>>> print(open('target.csv').read())   # CSV, C-alpha atoms
chain,number,residue,atom,x,y,z
A,1,MET,CA,-10.3,17.0,1.0
A,2,LYS,CA,-7.1,15.3,2.2
A,3,GLY,CA,-8.0,15.9,5.8
A,4,LYS,CA,-11.5,14.5,5.4
A,5,LEU,CA,-10.0,11.4,3.8
A,6,MET,CA,-7.6,10.9,6.7
A,7,ASP,CA,-10.5,11.1,9.0
A,8,ALA,CA,-12.3,8.5,6.9
A,9,GLN,CA,-9.3,6.3,7.1
A,10,ARG,CA,-9.2,6.6,10.9
A,11,LEU,CA,-12.9,5.8,11.1
A,12,GLY,CA,-12.4,2.7,9.0
A,13,ASN,CA,-9.4,1.4,10.8
A,14,GLU,CA,-10.3,2.2,14.4
A,15,PHE,CA,-14.1,2.0,14.4
A,16,LYS,CA,-14.9,-0.1,11.3
A,17,SER,CA,-17.1,2.7,10.2
A,18,LYS,CA,-18.1,3.2,6.5
A,19,THR,CA,-17.8,6.3,4.4
A,20,THR,CA,-19.8,7.4,1.4
A,21,ILE,CA,-17.6,8.4,-1.5
A,22,VAL,CA,-18.7,9.9,-4.9
A,23,PHE,CA,-16.1,9.7,-7.6
A,24,ASN,CA,-15.7,9.9,-11.4
A,25,SER,CA,-15.1,6.7,-13.3
A,26,GLU,CA,-14.9,5.8,-17.0
A,27,ASP,CA,-18.6,5.2,-16.9
A,28,GLY,CA,-19.5,8.4,-15.1
A,29,PRO,CA,-20.0,9.3,-11.4
A,30,LEU,CA,-20.3,6.4,-9.0
A,31,ARG,CA,-21.3,6.3,-5.3
A,32,VAL,CA,-20.0,3.7,-2.9
A,33,GLU,CA,-20.4,3.2,0.8
A,34,THR,CA,-17.3,1.5,2.1
A,35,THR,CA,-14.5,1.4,4.6
A,36,VAL,CA,-11.4,3.5,3.7
A,37,TRP,CA,-8.4,1.4,4.6
A,38,SER,CA,-5.6,3.8,3.6
A,39,ALA,CA,-5.1,7.2,2.1
A,40,THR,CA,-1.9,8.4,0.3
A,41,ASP,CA,-1.0,11.5,-1.6
A,42,LYS,CA,-2.5,10.1,-4.8
A,43,TYR,CA,-5.0,7.3,-3.9
A,44,ILE,CA,-7.3,5.9,-1.3
A,45,GLN,CA,-7.6,2.2,-0.8
A,46,ILE,CA,-10.9,0.5,-0.1
A,47,LYS,CA,-11.9,-3.1,0.2
A,48,SER,CA,-10.3,-5.8,-1.9
A,49,GLY,CA,-7.3,-3.6,-2.6
A,50,ILE,CA,-9.2,-1.3,-4.9
A,51,LEU,CA,-7.5,2.1,-5.4
A,52,ILE,CA,-9.4,5.3,-6.2
A,53,PRO,CA,-7.3,8.3,-7.4
A,54,LEU,CA,-7.8,11.4,-5.3
A,55,ALA,CA,-8.2,13.4,-8.4
A,56,SER,CA,-11.4,11.5,-9.3
A,57,ILE,CA,-13.1,12.0,-5.9
A,58,ILE,CA,-16.0,14.4,-6.0
A,59,HIS,CA,-17.5,14.1,-2.5
A,60,VAL,CA,-16.8,12.4,0.8
A,61,GLU,CA,-19.3,12.0,3.6
A,62,PHE,CA,-19.4,10.1,6.9
>>> encode(input="target.csv", output="structure tokens")
Amino acid sequence: MKGKLMDAQRLGNEFKSKTTIVFNSEDGPLRVETTVWSATDKYIQIKSGILIPLASIIHVEF
């Protein structure tokens, strides 16, 4: 999954391309289509500085 998230980061930064991310939240699974601005060992950062823990990510598609 980490490799796919790094690819999503590259798509966002270099090509302004969006990625679909499905992740678990307190309210249940959520799906967003957004640009991944950065990816670390524990989180990804999307628009407005929002962080999503890698442990909560279910699926990544681009």
>>> residues_near_point(input="target.csv", point="(-13.1, 14.5, -1.9)", cutoff="10 Å", atoms="only C-alpha atoms", output="list in words")
Met1, Lys2, Gly3, Lys4, Leu5, Ile21, Val22, Phe23, Leu54, Ala55, Ser56, Ile57, Ile58, His59, Val60 and Glu61 of chain A
>>> residues_around(input="target.csv", residues="Ser38 in chain A", least_positions_apart="3", cutoff="7 Å", atoms="all atoms listed in the file", output="number ranges by chain")
A: 9, 44-45
>>> write_last_selection(input="target.csv", atoms="C-alpha atoms", output="tab-separated table (two decimals), in the frame of the given file")
chain	number	residue	atom	x	y	z
A	9	GLN	CA	-9.30	6.30	7.10
A	44	ILE	CA	-7.30	5.90	-1.30
A	45	GLN	CA	-7.60	2.20	-0.80
>>> atom_distance(input="target.csv", atom1="CA of Gly28 in chain A", atom2="CA of Met6 in chain A")
25.0 Å
>>> closest_residue(input="target.csv", among="A:Arg10, A:Lys18, A:Pro29, A:Phe62", to="Lys47 in chain A", atoms="only C-alpha atoms")
A:Lys18
>>> atom_distance(input="target.csv", atom1="CA of Thr19 in chain A", atom2="CA of Thr35 in chain A")
5.9 Å
>>> atom_distance(input="target.csv", atom1="CA of Thr40 in chain A", atom2="CA of Pro53 in chain A")
9.4 Å
>>> closest_residue(input="target.csv", among="A:Glu33, A:Asp41, A:Leu51, A:Ile46", to="Thr20 in chain A", atoms="only C-alpha atoms")
A:Glu33
